[in-house]
$ cat data29.cif   # mmCIF, N, CA and C atoms
data_coords
#
loop_
_atom_site.group_PDB
_atom_site.id
_atom_site.type_symbol
_atom_site.label_atom_id
_atom_site.label_comp_id
_atom_site.auth_asym_id
_atom_site.auth_seq_id
_atom_site.Cartn_x
_atom_site.Cartn_y
_atom_site.Cartn_z
ATOM 1 N N ASP H 1 88.761 112.692 86.712
ATOM 2 C CA ASP H 1 87.787 112.498 85.645
ATOM 3 C C ASP H 1 87.625 111.030 85.272
ATOM 4 N N GLY H 2 88.270 110.144 86.007
ATOM 5 C CA GLY H 2 88.125 108.719 85.766
ATOM 6 C C GLY H 2 89.126 108.133 84.785
ATOM 7 N N SER H 3 89.957 108.973 84.159
ATOM 8 C CA SER H 3 90.941 108.435 83.222
ATOM 9 C C SER H 3 92.083 107.776 83.988
ATOM 10 N N LYS H 4 92.724 106.805 83.353
ATOM 11 C CA LYS H 4 93.834 106.092 83.981
ATOM 12 C C LYS H 4 95.105 106.916 83.867
ATOM 13 N N VAL H 5 95.912 106.846 84.921
ATOM 14 C CA VAL H 5 97.194 107.530 84.931
ATOM 15 C C VAL H 5 98.267 106.564 85.408
ATOM 16 N N LEU H 6 99.483 106.835 84.991
ATOM 17 C CA LEU H 6 100.651 106.125 85.501
ATOM 18 C C LEU H 6 101.377 107.117 86.394
ATOM 19 N N ALA H 7 101.427 106.818 87.696
ATOM 20 C CA ALA H 7 101.943 107.781 88.660
ATOM 21 C C ALA H 7 102.776 107.092 89.733
ATOM 22 N N LEU H 8 103.574 107.884 90.413
ATOM 23 C CA LEU H 8 104.373 107.413 91.531
ATOM 24 C C LEU H 8 103.517 107.351 92.796
ATOM 25 N N PRO H 9 103.886 106.491 93.756
ATOM 26 C CA PRO H 9 103.153 106.463 95.021
ATOM 27 C C PRO H 9 103.251 107.811 95.739
ATOM 28 N N LYS H 10 102.132 108.219 96.333
ATOM 29 C CA LYS H 10 102.112 109.444 97.131
ATOM 30 C C LYS H 10 100.835 109.463 97.940
ATOM 31 N N GLY H 11 100.811 110.305 98.961
ATOM 32 C CA GLY H 11 99.621 110.385 99.787
ATOM 33 C C GLY H 11 99.798 111.377 100.913
ATOM 34 N N LEU H 12 98.812 111.418 101.771
ATOM 35 C CA LEU H 12 98.816 112.358 102.884
ATOM 36 C C LEU H 12 99.750 111.897 103.995
ATOM 37 N N ILE H 13 100.274 112.864 104.735
ATOM 38 C CA ILE H 13 101.107 112.575 105.892
ATOM 39 C C ILE H 13 100.176 112.401 107.091
ATOM 40 N N ASP H 14 100.264 111.251 107.745
ATOM 41 C CA ASP H 14 99.442 110.979 108.922
ATOM 42 C C ASP H 14 99.970 111.749 110.127
ATOM 43 N N PRO H 15 99.118 112.029 111.093
ATOM 44 C CA PRO H 15 99.584 112.720 112.304
ATOM 45 C C PRO H 15 100.764 111.993 112.941
ATOM 46 N N GLY H 16 101.797 112.755 113.283
ATOM 47 C CA GLY H 16 102.983 112.192 113.909
ATOM 48 C C GLY H 16 104.023 111.655 112.948
ATOM 49 N N GLU H 17 103.739 111.615 111.661
ATOM 50 C CA GLU H 17 104.688 111.120 110.659
ATOM 51 C C GLU H 17 105.533 112.255 110.119
ATOM 52 N N THR H 18 106.751 111.936 109.751
ATOM 53 C CA THR H 18 107.570 112.854 108.959
ATOM 54 C C THR H 18 107.235 112.612 107.487
ATOM 55 N N PRO H 19 107.596 113.539 106.606
ATOM 56 C CA PRO H 19 107.385 113.281 105.177
ATOM 57 C C PRO H 19 108.072 111.992 104.697
ATOM 58 N N ALA H 20 109.273 111.715 105.185
ATOM 59 C CA ALA H 20 109.975 110.494 104.775
ATOM 60 C C ALA H 20 109.254 109.245 105.269
ATOM 61 N N GLU H 21 108.725 109.286 106.491
ATOM 62 C CA GLU H 21 107.976 108.144 107.009
ATOM 63 C C GLU H 21 106.700 107.923 106.209
ATOM 64 N N ALA H 22 106.027 109.002 105.851
ATOM 65 C CA ALA H 22 104.816 108.891 105.034
ATOM 66 C C ALA H 22 105.140 108.288 103.671
ATOM 67 N N ALA H 23 106.238 108.734 103.066
ATOM 68 C CA ALA H 23 106.633 108.203 101.760
ATOM 69 C C ALA H 23 106.933 106.711 101.857
ATOM 70 N N THR H 24 107.626 106.306 102.910
ATOM 71 C CA THR H 24 107.940 104.888 103.111
ATOM 72 C C THR H 24 106.658 104.072 103.227
ATOM 73 N N ARG H 25 105.693 104.573 103.984
ATOM 74 C CA ARG H 25 104.404 103.894 104.153
ATOM 75 C C ARG H 25 103.636 103.831 102.833
ATOM 76 N N GLU H 26 103.592 104.945 102.108
ATOM 77 C CA GLU H 26 102.839 104.982 100.847
ATOM 78 C C GLU H 26 103.434 104.038 99.809
ATOM 79 N N VAL H 27 104.748 103.927 99.751
ATOM 80 C CA VAL H 27 105.376 102.972 98.825
ATOM 81 C C VAL H 27 104.934 101.556 99.182
ATOM 82 N N ARG H 28 104.950 101.248 100.464
ATOM 83 C CA ARG H 28 104.533 99.909 100.908
ATOM 84 C C ARG H 28 103.065 99.664 100.566
ATOM 85 N N GLU H 29 102.203 100.645 100.831
ATOM 86 C CA GLU H 29 100.769 100.467 100.584
ATOM 87 C C GLU H 29 100.428 100.438 99.096
ATOM 88 N N GLU H 30 100.907 101.422 98.360
ATOM 89 C CA GLU H 30 100.485 101.577 96.964
ATOM 90 C C GLU H 30 101.274 100.727 95.980
ATOM 91 N N ALA H 31 102.530 100.405 96.319
ATOM 92 C CA ALA H 31 103.346 99.609 95.398
ATOM 93 C C ALA H 31 103.564 98.184 95.891
ATOM 94 N N GLY H 32 103.221 97.899 97.152
ATOM 95 C CA GLY H 32 103.348 96.550 97.673
ATOM 96 C C GLY H 32 104.745 96.154 98.077
ATOM 97 N N VAL H 33 105.683 97.093 98.066
ATOM 98 C CA VAL H 33 107.074 96.768 98.370
ATOM 99 C C VAL H 33 107.600 97.646 99.502
ATOM 100 N N ALA H 34 108.644 97.142 100.148
ATOM 101 C CA ALA H 34 109.352 97.909 101.167
ATOM 102 C C ALA H 34 110.582 98.536 100.532
ATOM 103 N N GLY H 35 110.885 99.737 100.964
ATOM 104 C CA GLY H 35 112.056 100.423 100.429
ATOM 105 C C GLY H 35 112.932 100.967 101.529
ATOM 106 N N THR H 36 114.207 101.121 101.201
ATOM 107 C CA THR H 36 115.170 101.762 102.087
ATOM 108 C C THR H 36 115.396 103.164 101.550
ATOM 109 N N LEU H 37 115.170 104.154 102.380
ATOM 110 C CA LEU H 37 115.292 105.543 101.957
ATOM 111 C C LEU H 37 116.728 105.864 101.555
ATOM 112 N N VAL H 38 116.883 106.419 100.348
ATOM 113 C CA VAL H 38 118.191 106.846 99.841
ATOM 114 C C VAL H 38 118.354 108.346 100.015
ATOM 115 N N GLY H 39 117.323 109.115 99.646
ATOM 116 C CA GLY H 39 117.411 110.562 99.773
ATOM 117 C C GLY H 39 116.180 111.253 99.231
ATOM 118 N N GLU H 40 116.125 112.547 99.474
ATOM 119 C CA GLU H 40 115.021 113.374 98.993
ATOM 120 C C GLU H 40 115.331 113.880 97.594
ATOM 121 N N LEU H 41 114.343 113.799 96.700
ATOM 122 C CA LEU H 41 114.520 114.262 95.321
ATOM 123 C C LEU H 41 114.048 115.690 95.109
ATOM 124 N N GLY H 42 113.056 116.124 95.872
ATOM 125 C CA GLY H 42 112.547 117.482 95.712
ATOM 126 C C GLY H 42 111.036 117.524 95.755
ATOM 127 N N ASP H 43 110.509 118.705 95.500
ATOM 128 C CA ASP H 43 109.069 118.958 95.578
ATOM 129 C C ASP H 43 108.476 119.230 94.209
ATOM 130 N N VAL H 44 107.223 118.852 94.067
ATOM 131 C CA VAL H 44 106.401 119.224 92.913
ATOM 132 C C VAL H 44 105.224 120.012 93.467
ATOM 133 N N ARG H 45 104.954 121.161 92.871
ATOM 134 C CA ARG H 45 103.810 121.982 93.269
ATOM 135 C C ARG H 45 102.850 122.059 92.089
ATOM 136 N N TYR H 46 101.561 121.952 92.403
ATOM 137 C CA TYR H 46 100.539 122.048 91.365
ATOM 138 C C TYR H 46 99.232 122.490 91.993
ATOM 139 N N SER H 47 98.303 122.869 91.146
ATOM 140 C CA SER H 47 96.978 123.300 91.582
ATOM 141 C C SER H 47 95.923 122.583 90.756
ATOM 142 N N TYR H 48 94.759 122.431 91.354
ATOM 143 C CA TYR H 48 93.611 121.914 90.629
ATOM 144 C C TYR H 48 92.357 122.532 91.232
ATOM 145 N N VAL H 49 91.246 122.370 90.550
ATOM 146 C CA VAL H 49 89.976 122.907 91.027
ATOM 147 C C VAL H 49 89.064 121.744 91.401
ATOM 148 N N ARG H 50 88.530 121.799 92.618
ATOM 149 C CA ARG H 50 87.583 120.789 93.087
ATOM 150 C C ARG H 50 86.389 121.514 93.699
ATOM 151 N N ASP H 51 85.216 121.172 93.230
ATOM 152 C CA ASP H 51 83.979 121.800 93.718
ATOM 153 C C ASP H 51 84.047 123.323 93.618
ATOM 154 N N GLY H 52 84.652 123.812 92.523
ATOM 155 C CA GLY H 52 84.727 125.240 92.282
ATOM 156 C C GLY H 52 85.788 125.975 93.084
ATOM 157 N N ARG H 53 86.560 125.248 93.867
ATOM 158 C CA ARG H 53 87.614 125.875 94.679
ATOM 159 C C ARG H 53 88.986 125.429 94.208
ATOM 160 N N ARG H 54 89.919 126.359 94.191
ATOM 161 C CA ARG H 54 91.299 126.051 93.814
ATOM 162 C C ARG H 54 92.006 125.394 94.997
ATOM 163 N N VAL H 55 92.699 124.310 94.710
ATOM 164 C CA VAL H 55 93.464 123.586 95.720
ATOM 165 C C VAL H 55 94.928 123.610 95.298
ATOM 166 N N ASP H 56 95.792 124.131 96.172
ATOM 167 C CA ASP H 56 97.230 124.157 95.919
ATOM 168 C C ASP H 56 97.879 122.995 96.654
ATOM 169 N N LYS H 57 98.738 122.250 95.963
ATOM 170 C CA LYS H 57 99.372 121.069 96.540
ATOM 171 C C LYS H 57 100.883 121.156 96.404
ATOM 172 N N ARG H 58 101.567 120.577 97.382
ATOM 173 C CA ARG H 58 103.008 120.374 97.314
ATOM 174 C C ARG H 58 103.270 118.930 97.707
ATOM 175 N N VAL H 59 104.004 118.208 96.857
ATOM 176 C CA VAL H 59 104.340 116.814 97.115
ATOM 177 C C VAL H 59 105.862 116.698 97.123
ATOM 178 N N THR H 60 106.392 116.112 98.198
ATOM 179 C CA THR H 60 107.828 115.876 98.302
ATOM 180 C C THR H 60 108.091 114.428 97.900
ATOM 181 N N PHE H 61 109.055 114.229 96.998
ATOM 182 C CA PHE H 61 109.392 112.898 96.496
ATOM 183 C C PHE H 61 110.733 112.447 97.046
ATOM 184 N N PHE H 62 110.831 111.132 97.287
ATOM 185 C CA PHE H 62 112.028 110.519 97.839
ATOM 186 C C PHE H 62 112.471 109.366 96.946
ATOM 187 N N LEU H 63 113.755 109.077 96.972
ATOM 188 C CA LEU H 63 114.325 107.936 96.257
ATOM 189 C C LEU H 63 114.516 106.801 97.255
ATOM 190 N N PHE H 64 114.073 105.602 96.869
ATOM 191 C CA PHE H 64 114.213 104.415 97.698
ATOM 192 C C PHE H 64 114.945 103.333 96.931
ATOM 193 N N ASP H 65 115.663 102.473 97.661
ATOM 194 C CA ASP H 65 116.164 101.215 97.127
ATOM 195 C C ASP H 65 115.172 100.126 97.503
ATOM 196 N N TYR H 66 114.990 99.177 96.629
ATOM 197 C CA TYR H 66 114.110 98.044 96.897
ATOM 198 C C TYR H 66 114.668 97.235 98.068
ATOM 199 N N ALA H 67 113.804 96.921 99.042
ATOM 200 C CA ALA H 67 114.222 96.136 100.201
ATOM 201 C C ALA H 67 113.474 94.811 100.300
ATOM 202 N N GLY H 68 112.323 94.689 99.630
ATOM 203 C CA GLY H 68 111.580 93.442 99.678
ATOM 204 C C GLY H 68 110.122 93.662 99.316
ATOM 205 N N GLY H 69 109.416 92.558 99.149
ATOM 206 C CA GLY H 69 107.999 92.631 98.842
ATOM 207 C C GLY H 69 107.708 92.350 97.380
ATOM 208 N N ASP H 70 106.418 92.435 97.057
ATOM 209 C CA ASP H 70 105.949 92.090 95.726
ATOM 210 C C ASP H 70 104.904 93.104 95.285
ATOM 211 N N VAL H 71 105.043 93.629 94.074
ATOM 212 C CA VAL H 71 104.096 94.635 93.584
ATOM 213 C C VAL H 71 102.665 94.105 93.521
ATOM 214 N N ALA H 72 102.487 92.802 93.526
ATOM 215 C CA ALA H 72 101.136 92.231 93.537
ATOM 216 C C ALA H 72 100.422 92.489 94.867
ATOM 217 N N ASP H 73 101.157 92.899 95.886
ATOM 218 C CA ASP H 73 100.592 93.126 97.213
ATOM 219 C C ASP H 73 100.165 94.574 97.444
ATOM 220 N N HIS H 74 99.923 95.328 96.378
ATOM 221 C CA HIS H 74 99.500 96.720 96.523
ATOM 222 C C HIS H 74 98.082 96.793 97.071
ATOM 223 N N ASP H 75 97.716 97.995 97.581
ATOM 224 C CA ASP H 75 96.388 98.141 98.175
ATOM 225 C C ASP H 75 95.309 98.376 97.114
ATOM 226 N N HIS H 76 94.071 98.448 97.562
ATOM 227 C CA HIS H 76 92.911 98.542 96.667
ATOM 228 C C HIS H 76 92.819 99.864 95.917
ATOM 229 N N GLU H 77 93.513 100.919 96.383
ATOM 230 C CA GLU H 77 93.470 102.221 95.704
ATOM 231 C C GLU H 77 94.136 102.185 94.330
ATOM 232 N N VAL H 78 94.999 101.195 94.140
ATOM 233 C CA VAL H 78 95.829 101.104 92.941
ATOM 234 C C VAL H 78 95.348 99.940 92.086
ATOM 235 N N GLU H 79 95.099 100.216 90.806
ATOM 236 C CA GLU H 79 94.656 99.148 89.916
ATOM 237 C C GLU H 79 95.790 98.179 89.604
ATOM 238 N N GLU H 80 96.981 98.728 89.376
ATOM 239 C CA GLU H 80 98.139 97.903 89.024
ATOM 240 C C GLU H 80 99.395 98.610 89.490
ATOM 241 N N ALA H 81 100.301 97.862 90.104
ATOM 242 C CA ALA H 81 101.629 98.380 90.435
ATOM 243 C C ALA H 81 102.625 97.641 89.547
ATOM 244 N N ARG H 82 103.651 98.346 89.094
ATOM 245 C CA ARG H 82 104.622 97.700 88.208
ATOM 246 C C ARG H 82 106.015 98.291 88.382
ATOM 247 N N TRP H 83 106.991 97.475 88.008
ATOM 248 C CA TRP H 83 108.392 97.909 87.962
ATOM 249 C C TRP H 83 108.711 98.320 86.537
ATOM 250 N N MET H 84 109.557 99.321 86.397
ATOM 251 C CA MET H 84 110.096 99.661 85.086
ATOM 252 C C MET H 84 111.418 100.381 85.297
ATOM 253 N N PRO H 85 112.308 100.341 84.326
ATOM 254 C CA PRO H 85 113.569 101.076 84.447
ATOM 255 C C PRO H 85 113.288 102.575 84.615
ATOM 256 N N LEU H 86 114.151 103.244 85.382
ATOM 257 C CA LEU H 86 113.977 104.684 85.601
ATOM 258 C C LEU H 86 113.880 105.453 84.289
ATOM 259 N N GLU H 87 114.707 105.089 83.324
ATOM 260 C CA GLU H 87 114.704 105.807 82.052
ATOM 261 C C GLU H 87 113.356 105.677 81.346
ATOM 262 N N GLU H 88 112.730 104.513 81.458
ATOM 263 C CA GLU H 88 111.400 104.317 80.866
ATOM 264 C C GLU H 88 110.350 105.129 81.627
ATOM 265 N N ALA H 89 110.443 105.114 82.956
ATOM 266 C CA ALA H 89 109.493 105.876 83.773
ATOM 267 C C ALA H 89 109.582 107.367 83.473
ATOM 268 N N ALA H 90 110.778 107.860 83.181
ATOM 269 C CA ALA H 90 110.956 109.288 82.875
ATOM 270 C C ALA H 90 110.191 109.689 81.612
ATOM 271 N N ARG H 91 109.863 108.723 80.775
ATOM 272 C CA ARG H 91 109.066 108.993 79.568
ATOM 273 C C ARG H 91 107.602 108.620 79.749
ATOM 274 N N ALA H 92 107.317 107.594 80.562
ATOM 275 C CA ALA H 92 105.982 106.999 80.602
ATOM 276 C C ALA H 92 105.033 107.600 81.631
ATOM 277 N N LEU H 93 105.547 108.179 82.705
ATOM 278 C CA LEU H 93 104.658 108.704 83.736
ATOM 279 C C LEU H 93 103.751 109.784 83.169
ATOM 280 N N THR H 94 102.551 109.854 83.684
ATOM 281 C CA THR H 94 101.547 110.788 83.181
ATOM 282 C C THR H 94 101.887 112.239 83.477
ATOM 283 N N TYR H 95 102.378 112.500 84.676
ATOM 284 C CA TYR H 95 102.556 113.887 85.116
ATOM 285 C C TYR H 95 103.988 114.380 84.934
ATOM 286 N N GLU H 96 104.113 115.566 84.359
ATOM 287 C CA GLU H 96 105.423 116.151 84.064
ATOM 288 C C GLU H 96 106.300 116.262 85.304
ATOM 289 N N GLY H 97 105.730 116.725 86.406
ATOM 290 C CA GLY H 97 106.519 116.886 87.629
ATOM 291 C C GLY H 97 107.091 115.571 88.123
ATOM 292 N N GLU H 98 106.341 114.495 87.976
ATOM 293 C CA GLU H 98 106.832 113.182 88.381
ATOM 294 C C GLU H 98 107.916 112.686 87.435
ATOM 295 N N ARG H 99 107.768 112.972 86.139
ATOM 296 C CA ARG H 99 108.835 112.615 85.190
ATOM 297 C C ARG H 99 110.126 113.348 85.562
ATOM 298 N N GLU H 100 110.007 114.604 85.981
ATOM 299 C CA GLU H 100 111.181 115.367 86.407
ATOM 300 C C GLU H 100 111.827 114.730 87.643
ATOM 301 N N MET H 101 111.023 114.252 88.577
ATOM 302 C CA MET H 101 111.573 113.598 89.770
ATOM 303 C C MET H 101 112.337 112.334 89.393
ATOM 304 N N VAL H 102 111.821 111.588 88.423
ATOM 305 C CA VAL H 102 112.520 110.380 87.975
ATOM 306 C C VAL H 102 113.830 110.758 87.292
ATOM 307 N N GLU H 103 113.835 111.834 86.521
ATOM 308 C CA GLU H 103 115.091 112.292 85.918
ATOM 309 C C GLU H 103 116.100 112.662 86.997
ATOM 310 N N ARG H 104 115.645 113.253 88.095
ATOM 311 C CA ARG H 104 116.542 113.542 89.228
ATOM 312 C C ARG H 104 117.068 112.257 89.844
ATOM 313 N N ALA H 105 116.224 111.229 89.924
ATOM 314 C CA ALA H 105 116.664 109.947 90.463
ATOM 315 C C ALA H 105 117.739 109.335 89.574
ATOM 316 N N VAL H 106 117.568 109.439 88.262
ATOM 317 C CA VAL H 106 118.577 108.922 87.333
ATOM 318 C C VAL H 106 119.890 109.667 87.551
ATOM 319 N N ALA H 107 119.839 110.982 87.659
ATOM 320 C CA ALA H 107 121.052 111.777 87.888
ATOM 321 C C ALA H 107 121.673 111.456 89.247
ATOM 322 N N PHE H 108 120.857 111.208 90.250
ATOM 323 C CA PHE H 108 121.313 110.871 91.594
ATOM 324 C C PHE H 108 122.107 109.580 91.562
ATOM 325 N N ARG H 109 121.689 108.645 90.721
ATOM 326 C CA ARG H 109 122.323 107.321 90.617
ATOM 327 C C ARG H 109 123.645 107.352 89.848
ATOM 328 N N ARG H 110 123.894 108.419 89.092
ATOM 329 C CA ARG H 110 125.129 108.463 88.284
ATOM 330 C C ARG H 110 126.323 108.761 89.127
#

$ encode --input "data29.cif" --output "structure tokens"
Amino acid sequence: DGSKVLALPKGLIDPGETPAEAATREVREEAGVAGTLVGELGDVRYSYVRDGRRVDKRVTFFLFDYAGGDVADHDHEVEEARWMPLEEAARALTYEGEREMVERAVAFRR
């Protein structure tokens, strides 16, 4: 609907990619940084309606460690990329499922 959201990087899996490879690529493209894969956090499932049809989605989220790069180098799809503490992201992200994934990342780090 054109409203701004604060969300985690995500996208489609290209032919021949694994979900982890796609996540690594999307972080680089949408956030401008390279990450080292730490582990899988889990899936978020949701539905929406587009052109009168229901679309069911499943997104798998991964935890990465920062390996290099600059958030200013994000692609054109993203208006702004930013760093924030995990605890802040768990409150600030727009979507509930993504906030839950960040809470899992915080627990993973303990």

$ closest_residue --input "data29.cif" --among "H:Glu96, H:Glu88, H:Glu103, H:Asp73" --to "Glu30 (chain H)" --atoms "only C-alpha atoms"
H:Asp73

$ residues_around --input "data29.cif" --residues "Ala31 (chain H)" --least-positions-apart "5" --cutoff "7 Å" --atoms "only C-alpha atoms" --output "number ranges by chain"
H: 9, 71, 74, 81

$ select_by_dssp --input "data29.cif" --residues "chain H" --states "strand (DSSP E or B)" --output "JSON, numbers by chain"
{"H": [33, 34, 35, 36, 37, 38, 39, 40, 41, 42, 43, 44, 45, 46, 47, 48, 49, 50, 53, 54, 55, 56, 57, 58, 59, 60, 61, 62, 63, 64, 65, 66, 67, 68, 69]}

$ residues_around --input "data29.cif" --residues "region 43-50 of chain H" --least-positions-apart "6" --cutoff "6.5 Å" --atoms "all atoms listed in the file" --output "list in words"
Asp56, Lys57, Arg58, Val59, Thr60, Phe61 and Gly97 of chain H

$ atom_distance --input "data29.cif" --atom1 "CA of Ala23 (chain H)" --atom2 "CA of Asp65 (chain H)"
12.7 Å
